[in-house]
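Novice: Below is the structure I would like to discuss, written out as C-alpha cells.
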Amino acid sequence: MWPPDQEPDPDPDPAPARAGRSPPGAAMPGLRALLPARAYLCSLKGRLLLAESGLSFITFVCYVASSASAFLAAPLLEFLLALYFLFADAMQLNDKWQGLCWPMMDFLRCVTAALIYFAISITAVAKYSDGASKAAGVFGFFATIVFAIDFYLIFNDVAKFLKQGDSTDENTADKAEGGWPPCGFLPGNVAYHPRGPCSP
C-alpha cells in the first residue's frame with residue numbers, strides 16, 4: 001500500500017540541507033502516500049471519479065456566486081462523496097472493509113447524484129436569470145451525464161458478476177440433481193409449473 005522509500009543518493013549535496021530546503025525533484029514521502037496512484041487515476045473509474053469531483057466543485061462554486069444559492073448543498077455533498085470514493089478506491093479500502101457493500105453504495109451515490117443534479121439544473125436554468133445560475137445549470141447537466149455513465153458501468157459490472165454467479169450455481173445444481181434443470185427453466189419451455197416436475 002505504501003510506496004517504498006527511495007534510496008538515498010550516494011553523494012548528497014549538503015548545500016540544500018544547510019539552507020533548510022529540499023532538492024527541487026524530491027517529494028515528501030508522507031504526502032506522496034496520500035495521493036492516489038497514477039495508474040488508478042488513468043483508469044476509467046479513476047477518470048470518472050475525477051470528473052465527478054471536478055464538475056461537482058465547479059457547480060458548487062457557481063451556485064455560491066449565483067442567486068440560486070439554495071442549491072449549493074447538493075454539489076458540495078457530491079464533491080465530498082466523490083473525493084471519498086476516489087481515495088477509498090485508490091487506497092483499496094474496499095478490500096480492507098469487507099462488511100460494506102461498496103458497489104451498492106457507489107451505485108446508489110451515482111443514481112441519487114444524477115437525479116438530484118438533473119432536477120436542480122433544470123430549476124437553476126429555468127427559474128433564475130443570472131449568468132452564474134445558468135453556468136451552474138450547464139455544469140450540473142454535464143455532471144448528470146458523468147454520474148449516469150458511472151452508474152451504468154457499475155450496473156453492468158454487477159450484472160456480469162451476478163450472471164457468473166448464477167451460471168456456476170446452476171451448473172453445480174444440475175450436476176447434483178442428475179442434470180435436470182429446475183422446472184420452468186427448460187430451454188424452449190415458457191410454462192412454469194410451481195407444484196411439481198415439469199411435464200410436456
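Ordering of the C-alpha cells sets the chain letters (A, B, ...), residue numbers begin anew at 1 in every chain, and ligands are numbered from 1 in the order given.
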Residues of stretch 48-133 of chain A classed as helix (DSSP H, G or I) by DSSP on the backbone are to be reported as a VMD selection string.
Specialist: chain A and resid 48 to 65 69 to 71 73 to 90 93 to 96 102 to 127 131 to 133
Novice: Restricting the calculation to only C-alpha atoms: of A:Phe87, A:Phe71, A:Phe141, A:Tyr152, which residue gets closest to A:Val111?
Specialist: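 Residue with the minimum atom-to-atom distance to A:Val111: A:Tyr152.
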Novice: So which one's closest to A:Phe60, A:Ala143, A:Val125, A:Leu72, A:Cys42? Using only C-alpha atoms, please.
Specialist: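 So, comparing all the options, the nearest one is A:Leu72.
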Novice: Record the distance separating atom CA of A:Ile58 and atom CA of A:Phe155, expressed in Å with one decimal.
Specialist: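 Between atom CA of A:Ile58 and atom CA of A:Phe155 the gap is 26.8 Å.
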Novice: Counting only C-alpha atoms, figure out which residue out of A:Leu81, A:Ala132, A:Leu50, A:Ala159 gets nearest to A:Thr112.
Specialist: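 Ranked by minimum distance to A:Thr112, first place goes to A:Leu81.
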Novice: Skipping near chain neighbours, those fewer than 4 positions away, what residues fall within 7 Å of A:Tyr128 using only C-alpha atoms, listed as a PyMOL selection string?
Specialist: chain A and resi 68+124+133
Novice: Taking 4 positions as the minimum chain separation for residues in the same chain, which residues sit within 12 Å of stretch 115-118 of chain A when counting only C-alpha atoms? Answer as a VMD selection string.
Specialist: chain A and resid 52 55 to 56 59 to 60 71 to 79 108 to 111 122 to 125 136 to 148 151
Novice: Could you check how far atom CA of A:Ser121 sits from atom CA of A:Lys134, in Å to one decimal?
Specialist: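 Distance between the two atoms: 8.4 Å.
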